[in-house]
Amino acid sequence: MKILVLNSGSSSVKYQLLDMEAKSVLASGLVERIGESMGAVKHKRFPGSSREETFSYEEPIADHAKGLTRVVGLITAPETGVIADVSEIDGIGHRIVHGGESFSAPTLVDAAVIEGIKAQIPLAPLHNPGGLAGIETALRLLPGVPNVAVFDTAFHQTMPPEAYRYAIPKELYTELKIRRYGFHGTSHFYVAKQCAKLLGKPFEQTSCVTVHLGNGCSMAAVKNGKCIDTSMGLTPLAGLVMGTRSGDVDPALHAFLADNKGLTIREIDSILNKRSGLKGMCGHNDMRDIHDRVAEGDHDAELALKVFCRRVTQYIGQYMAVLGGTDAICFTAGIGENDPVVRQLSCASLAAIGAIIDAERNMSAPRGQVTEISTPKSPVKIFILPTNEELEIASQTLEVLANR
Ligand code: ADP
């Protein structure tokens, strides 16, 4: 069985073709700057293997249809491809950012599902149109291949109302569905399941805090296999400090900035999403650059690192409290998997509440590998668990197709 996973943004398409028997990636790549005067295509076949080959192209890509046509061409052409014909693709899994309250599980795409995704556009105006373009293009270009929508919000739909409702007038929820949704759900679900496997426990009996620290950062509290709280909110701006996003701030900030700096709501939103977080505090949004600056004695970079880690500590503590007992804390994604300093700073004060990080194990942990980094006596385990959103989307796609 071969599954094509598509992650379509407003001007880009990321793709992976997976062989589900071997659980291996046959091809992967990225089509970027769709709709601009010059686009870019990066394609790999057999990535991560001894047969890996990389192909790069600069060319105009007018729209998503042209982009996906290019992808299909690359994976089937003898010089760059891995399959002889598109008929070898058994299904397409689409990452869709917002499923609102309508979608709590991966769903086989039909006309009603497309309408359902469209209906969520007000909640994700920057993200859902790209995902829809990916679905509509795939339906046109690969007729007969089934499509499955996998939602970033779905795993969090099990949160109880006391976790997802905001303390604002009730009609704002009933009329506009303003509430906490949470994102990165596919990653949190995958990592929580890996945690259960590692612990040798059934998923339904596993409780953990999953800490996804990448470009975007979020955390989830998982109780007996179900998400009961998460740090992102109505939008992916809430919660942890991120590369360019502020995470939690005083909600009165908009009024204060409008009154005192004459900024519009749009300008303030852009500041909080694009010019805040690590970048806002010290000018760098990549954690590797921040460590370089810290080593040079840059105080802004040092403070940005401390603020980032303190927020992680606060959320872990909060979630351990609402879980009322947890098996493990799981670090994942670019920073979580690769940055021992962030993990050390974030966990240093957690020994008092039962999660004791082993400094030695943490510092010497191999990059990108499943590793236990708590002390042998720590009541709560601390793990590095690499995420794999594409594999999870492909697995969920396969499951939906098997149960048709
Ligand atoms: P995305 O959210 O786009 O999937 P990733 O999970 O790949 O992002 O994370 C990207 C981030 O991971 C980078 O911005 C960088 O800050 C961080 N990162 C990657 N490698 C390292 C490393 N070796 N040490 C520290 N941080 C890293």
# chains A, B, ... in the order shown; residues from 1 in each chain; ligands from 1
call {"tool": "closest_atom_pairs", "arguments": {"of": "chain A", "to": "ligand 1", "cutoff": "7 Å", "atoms": "only C-alpha atoms and all ligand atoms", "output": "CSV"}}
result
residue,atom,partner,partner_atom_place_in_ligand_line,distance
A:Leu213,CA,ligand 1,6 (O),6.5
A:Gly214,CA,ligand 1,9 (O),3.4
A:Asn215,CA,ligand 1,2 (O),3.8
A:Gly216,CA,ligand 1,2 (O),4.8
A:Gly243,CA,ligand 1,14 (O),6.6
A:Asn285,CA,ligand 1,14 (O),6.3
A:Asp286,CA,ligand 1,16 (O),3.6
A:Met287,CA,ligand 1,16 (O),3.8
A:Arg288,CA,ligand 1,25 (C),4.7
A:Ala333,CA,ligand 1,6 (O),3.9
A:Gly334,CA,ligand 1,12 (O),3.3
A:Ile335,CA,ligand 1,26 (N),4.1
A:Asn338,CA,ligand 1,22 (C),4.6
A:Asp339,CA,ligand 1,25 (C),4.4
call {"tool": "write_last_selection", "arguments": {"atoms": "N, CA and C atoms", "output": "short mmCIF file (atom, residue, chain, number, x, y, z; two decimals), in the first residue's frame"}}
result
data_model
loop_
_atom_site.label_atom_id
_atom_site.label_comp_id
_atom_site.auth_asym_id
_atom_site.auth_seq_id
_atom_site.Cartn_x
_atom_site.Cartn_y
_atom_site.Cartn_z
N LEU A 213 7.97 21.17 20.56
CA LEU A 213 8.71 22.43 20.43
C LEU A 213 9.40 22.48 19.07
N GLY A 214 8.74 23.13 18.11
CA GLY A 214 9.33 23.29 16.77
C GLY A 214 9.30 24.76 16.42
N ASN A 215 9.02 25.09 15.15
CA ASN A 215 8.79 26.50 14.83
C ASN A 215 7.58 27.00 15.58
N GLY A 216 6.51 26.19 15.52
CA GLY A 216 5.37 26.42 16.38
C GLY A 216 5.54 25.53 17.60
N GLY A 243 8.86 30.64 17.78
CA GLY A 243 9.88 31.34 17.01
C GLY A 243 9.56 32.81 16.79
N ASN A 285 14.91 33.69 15.47
CA ASN A 285 13.82 32.76 15.78
C ASN A 285 14.27 31.31 15.74
N ASP A 286 15.51 31.07 15.35
CA ASP A 286 16.03 29.70 15.34
C ASP A 286 16.83 29.47 16.62
N MET A 287 16.46 28.42 17.36
CA MET A 287 17.09 28.18 18.66
C MET A 287 18.60 27.97 18.55
N ARG A 288 19.06 27.44 17.42
CA ARG A 288 20.51 27.25 17.25
C ARG A 288 21.24 28.59 17.24
N ALA A 333 9.71 17.28 18.33
CA ALA A 333 9.88 18.32 17.27
C ALA A 333 11.28 18.95 17.35
N GLY A 334 11.56 19.84 16.39
CA GLY A 334 12.92 20.35 16.17
C GLY A 334 13.70 20.69 17.43
N ILE A 335 13.12 21.51 18.30
CA ILE A 335 13.82 21.90 19.53
C ILE A 335 13.74 20.78 20.57
N ASN A 338 16.14 17.95 19.74
CA ASN A 338 17.56 18.24 19.50
C ASN A 338 18.25 19.14 20.50
N ASP A 339 17.49 19.73 21.42
CA ASP A 339 18.10 20.77 22.24
C ASP A 339 18.17 20.39 23.72
#
call {"tool": "select_by_dssp", "arguments": {"residues": "segment 200-322 of chain A", "states": "alpha helix (DSSP H)", "output": "NGL selection string"}}
result
:A and (253-261 or 265-274 or 277-282 or 287-295 or 299-322)
call {"tool": "write_last_selection", "arguments": {"atoms": "C-alpha atoms", "output": "CSV table (one decimal), in the first residue's frame"}}
result
chain,number,residue,atom,x,y,z
A,253,LEU,CA,-2.6,44.2,25.0
A,254,HIS,CA,-4.6,45.0,21.9
A,255,ALA,CA,-6.5,47.9,23.6
A,256,PHE,CA,-3.3,49.2,25.2
A,257,LEU,CA,-1.4,49.3,21.9
A,258,ALA,CA,-4.3,50.8,20.0
A,259,ASP,CA,-4.7,53.5,22.6
A,260,ASN,CA,-1.0,54.2,23.1
A,261,LYS,CA,0.6,53.6,19.7
A,265,ILE,CA,-6.0,45.4,15.2
A,266,ARG,CA,-4.4,43.9,12.0
A,267,GLU,CA,-1.1,45.5,12.8
A,268,ILE,CA,-1.2,44.2,16.4
A,269,ASP,CA,-2.1,40.7,15.2
A,270,SER,CA,0.8,40.8,12.8
A,271,ILE,CA,3.2,41.9,15.6
A,272,LEU,CA,2.1,39.1,17.9
A,273,ASN,CA,2.3,36.4,15.1
A,274,LYS,CA,5.3,37.5,13.1
A,277,GLY,CA,8.4,35.2,20.4
A,278,LEU,CA,12.1,34.5,20.3
A,279,LYS,CA,12.6,36.8,17.3
A,280,GLY,CA,10.9,39.7,19.0
A,281,MET,CA,13.0,39.3,22.1
A,282,CYS,CA,16.4,38.9,20.6
A,287,MET,CA,17.1,28.2,18.7
A,288,ARG,CA,20.5,27.2,17.3
A,289,ASP,CA,21.3,30.9,16.5
A,290,ILE,CA,20.1,31.8,20.0
A,291,HIS,CA,22.6,29.4,21.6
A,292,ASP,CA,25.4,30.9,19.4
A,293,ARG,CA,24.4,34.4,20.6
A,294,VAL,CA,24.3,33.3,24.3
A,295,ALA,CA,27.8,31.8,23.9
A,299,HIS,CA,21.9,39.1,27.2
A,300,ASP,CA,18.8,39.5,25.0
A,301,ALA,CA,19.3,36.0,23.6
A,302,GLU,CA,19.9,34.6,27.1
A,303,LEU,CA,16.7,36.2,28.4
A,304,ALA,CA,14.7,34.9,25.3
A,305,LEU,CA,15.9,31.4,26.1
A,306,LYS,CA,14.9,31.8,29.8
A,307,VAL,CA,11.5,33.1,29.0
A,308,PHE,CA,10.9,30.3,26.5
A,309,CYS,CA,11.9,27.6,29.0
A,310,ARG,CA,10.0,29.1,31.9
A,311,ARG,CA,6.8,29.0,29.9
A,312,VAL,CA,7.5,25.3,29.1
A,313,THR,CA,8.0,24.6,32.8
A,314,GLN,CA,4.8,26.5,33.8
A,315,TYR,CA,2.7,24.6,31.3
A,316,ILE,CA,4.2,21.2,32.3
A,317,GLY,CA,3.4,22.0,35.9
A,318,GLN,CA,-0.1,23.1,35.1
A,319,TYR,CA,-0.8,19.9,33.1
A,320,MET,CA,0.7,17.6,35.7
A,321,ALA,CA,-1.7,19.3,38.1
A,322,VAL,CA,-4.8,18.9,36.0
call {"tool": "atom_distance", "arguments": {"atom1": "atom CA of Leu172 of chain A", "atom2": "atom CA of Val97 of chain A"}}
result
21.8 Å
call {"tool": "closest_residue", "arguments": {"among": "A:Thr326, A:Ser346, A:Ser102, A:Ser231", "to": "Ala119 of chain A", "atoms": "only C-alpha atoms"}}
result
A:Ser102
call {"tool": "atom_distance", "arguments": {"atom1": "atom CA of Val341 of chain A", "atom2": "atom CA of Asp358 of chain A"}}
result
12.3 Å
call {"tool": "closest_residue", "arguments": {"among": "A:Val41, A:Ala355, A:Ala124, A:Leu68", "to": "Thr235 of chain A", "atoms": "only C-alpha atoms"}}
result
A:Ala124
call {"tool": "decode", "arguments": {"residues": "segment 104-132 of chain A", "atoms": "N, CA, C and O atoms", "output": "mmCIF file, in the first residue's frame"}}
result
data_model
loop_
_atom_site.group_PDB
_atom_site.id
_atom_site.type_symbol
_atom_site.label_atom_id
_atom_site.label_comp_id
_atom_site.auth_asym_id
_atom_site.auth_seq_id
_atom_site.Cartn_x
_atom_site.Cartn_y
_atom_site.Cartn_z
ATOM 1 N N SER A 104 -13.826 15.285 14.420
ATOM 2 C CA SER A 104 -13.032 14.815 15.554
ATOM 3 C C SER A 104 -12.249 13.560 15.178
ATOM 4 O O SER A 104 -11.679 12.898 16.035
ATOM 5 N N ALA A 105 -12.225 13.228 13.898
ATOM 6 C CA ALA A 105 -11.503 12.031 13.434
ATOM 7 C C ALA A 105 -11.167 12.224 11.956
ATOM 8 O O ALA A 105 -11.800 13.036 11.275
ATOM 9 N N PRO A 106 -10.189 11.454 11.454
ATOM 10 C CA PRO A 106 -9.893 11.533 10.023
ATOM 11 C C PRO A 106 -11.120 11.105 9.222
ATOM 12 O O PRO A 106 -11.863 10.224 9.644
ATOM 13 N N THR A 107 -11.329 11.735 8.081
ATOM 14 C CA THR A 107 -12.601 11.572 7.375
ATOM 15 C C THR A 107 -12.383 11.407 5.877
ATOM 16 O O THR A 107 -11.617 12.159 5.276
ATOM 17 N N LEU A 108 -13.068 10.431 5.294
ATOM 18 C CA LEU A 108 -13.017 10.222 3.843
ATOM 19 C C LEU A 108 -13.660 11.430 3.156
ATOM 20 O O LEU A 108 -14.759 11.837 3.514
ATOM 21 N N VAL A 109 -12.962 11.991 2.159
ATOM 22 C CA VAL A 109 -13.444 13.238 1.552
ATOM 23 C C VAL A 109 -14.573 12.955 0.564
ATOM 24 O O VAL A 109 -14.453 12.096 -0.302
ATOM 25 N N ASP A 110 -15.681 13.679 0.744
ATOM 26 C CA ASP A 110 -16.743 13.720 -0.264
ATOM 27 C C ASP A 110 -17.232 15.169 -0.321
ATOM 28 O O ASP A 110 -16.665 16.048 0.339
ATOM 29 N N ALA A 111 -18.281 15.416 -1.092
ATOM 30 C CA ALA A 111 -18.729 16.804 -1.282
ATOM 31 C C ALA A 111 -19.104 17.448 0.059
ATOM 32 O O ALA A 111 -18.797 18.624 0.301
ATOM 33 N N ALA A 112 -19.752 16.675 0.943
ATOM 34 C CA ALA A 112 -20.184 17.241 2.227
ATOM 35 C C ALA A 112 -18.976 17.598 3.099
ATOM 36 O O ALA A 112 -18.983 18.609 3.812
ATOM 37 N N VAL A 113 -17.932 16.775 3.030
ATOM 38 C CA VAL A 113 -16.728 17.053 3.831
ATOM 39 C C VAL A 113 -16.039 18.320 3.314
ATOM 40 O O VAL A 113 -15.575 19.164 4.101
ATOM 41 N N ILE A 114 -16.006 18.483 2.005
ATOM 42 C CA ILE A 114 -15.417 19.699 1.439
ATOM 43 C C ILE A 114 -16.188 20.928 1.940
ATOM 44 O O ILE A 114 -15.594 21.918 2.368
ATOM 45 N N GLU A 115 -17.507 20.833 1.943
ATOM 46 C CA GLU A 115 -18.323 21.944 2.458
ATOM 47 C C GLU A 115 -18.028 22.168 3.935
ATOM 48 O O GLU A 115 -17.942 23.298 4.401
ATOM 49 N N GLY A 116 -17.854 21.073 4.676
ATOM 50 C CA GLY A 116 -17.558 21.171 6.111
ATOM 51 C C GLY A 116 -16.229 21.869 6.359
ATOM 52 O O GLY A 116 -16.094 22.663 7.302
ATOM 53 N N ILE A 117 -15.235 21.593 5.532
ATOM 54 C CA ILE A 117 -13.916 22.242 5.694
ATOM 55 C C ILE A 117 -14.032 23.717 5.311
ATOM 56 O O ILE A 117 -13.472 24.589 5.977
ATOM 57 N N LYS A 118 -14.802 23.984 4.267
ATOM 58 C CA LYS A 118 -15.026 25.390 3.854
ATOM 59 C C LYS A 118 -15.671 26.174 4.981
ATOM 60 O O LYS A 118 -15.326 27.325 5.227
ATOM 61 N N ALA A 119 -16.596 25.522 5.675
ATOM 62 C CA ALA A 119 -17.321 26.215 6.748
ATOM 63 C C ALA A 119 -16.392 26.635 7.882
ATOM 64 O O ALA A 119 -16.712 27.521 8.676
ATOM 65 N N GLN A 120 -15.214 26.000 7.987
ATOM 66 C CA GLN A 120 -14.264 26.347 9.067
ATOM 67 C C GLN A 120 -13.318 27.477 8.652
ATOM 68 O O GLN A 120 -12.472 27.898 9.445
ATOM 69 N N ILE A 121 -13.430 27.966 7.406
ATOM 70 C CA ILE A 121 -12.476 28.983 6.933
ATOM 71 C C ILE A 121 -12.421 30.227 7.844
ATOM 72 O O ILE A 121 -11.327 30.709 8.131
ATOM 73 N N PRO A 122 -13.571 30.715 8.373
ATOM 74 C CA PRO A 122 -13.455 31.885 9.264
ATOM 75 C C PRO A 122 -12.538 31.615 10.462
ATOM 76 O O PRO A 122 -11.898 32.536 10.975
ATOM 77 N N LEU A 123 -12.452 30.343 10.907
ATOM 78 C CA LEU A 123 -11.589 30.021 12.049
ATOM 79 C C LEU A 123 -10.123 29.886 11.635
ATOM 80 O O LEU A 123 -9.230 30.000 12.472
ATOM 81 N N ALA A 124 -9.849 29.605 10.362
ATOM 82 C CA ALA A 124 -8.459 29.423 9.909
ATOM 83 C C ALA A 124 -8.295 30.005 8.501
ATOM 84 O O ALA A 124 -8.012 29.295 7.551
ATOM 85 N N PRO A 125 -8.466 31.345 8.393
ATOM 86 C CA PRO A 125 -8.469 31.958 7.055
ATOM 87 C C PRO A 125 -7.140 31.819 6.318
ATOM 88 O O PRO A 125 -7.106 31.824 5.105
ATOM 89 N N LEU A 126 -6.047 31.644 7.061
ATOM 90 C CA LEU A 126 -4.745 31.532 6.405
ATOM 91 C C LEU A 126 -4.418 30.089 6.034
ATOM 92 O O LEU A 126 -3.557 29.843 5.211
ATOM 93 N N HIS A 127 -5.075 29.124 6.675
ATOM 94 C CA HIS A 127 -4.659 27.737 6.509
ATOM 95 C C HIS A 127 -5.625 26.859 5.715
ATOM 96 O O HIS A 127 -5.211 26.129 4.836
ATOM 97 N N ASN A 128 -6.930 26.902 6.050
ATOM 98 C CA ASN A 128 -7.854 25.959 5.399
ATOM 99 C C ASN A 128 -7.973 26.134 3.886
ATOM 100 O O ASN A 128 -8.114 25.129 3.180
ATOM 101 N N PRO A 129 -7.887 27.377 3.332
ATOM 102 C CA PRO A 129 -7.976 27.478 1.868
ATOM 103 C C PRO A 129 -6.872 26.693 1.161
ATOM 104 O O PRO A 129 -7.126 26.060 0.129
ATOM 105 N N GLY A 130 -5.664 26.667 1.691
ATOM 106 C CA GLY A 130 -4.569 25.894 1.088
ATOM 107 C C GLY A 130 -4.887 24.408 1.096
ATOM 108 O O GLY A 130 -4.732 23.714 0.093
ATOM 109 N N GLY A 131 -5.361 23.916 2.235
ATOM 110 C CA GLY A 131 -5.717 22.501 2.357
ATOM 111 C C GLY A 131 -6.821 22.118 1.390
ATOM 112 O O GLY A 131 -6.786 21.056 0.759
ATOM 113 N N LEU A 132 -7.816 23.007 1.259
ATOM 114 C CA LEU A 132 -8.916 22.749 0.317
ATOM 115 C C LEU A 132 -8.413 22.712 -1.114
ATOM 116 O O LEU A 132 -8.832 21.866 -1.910
#
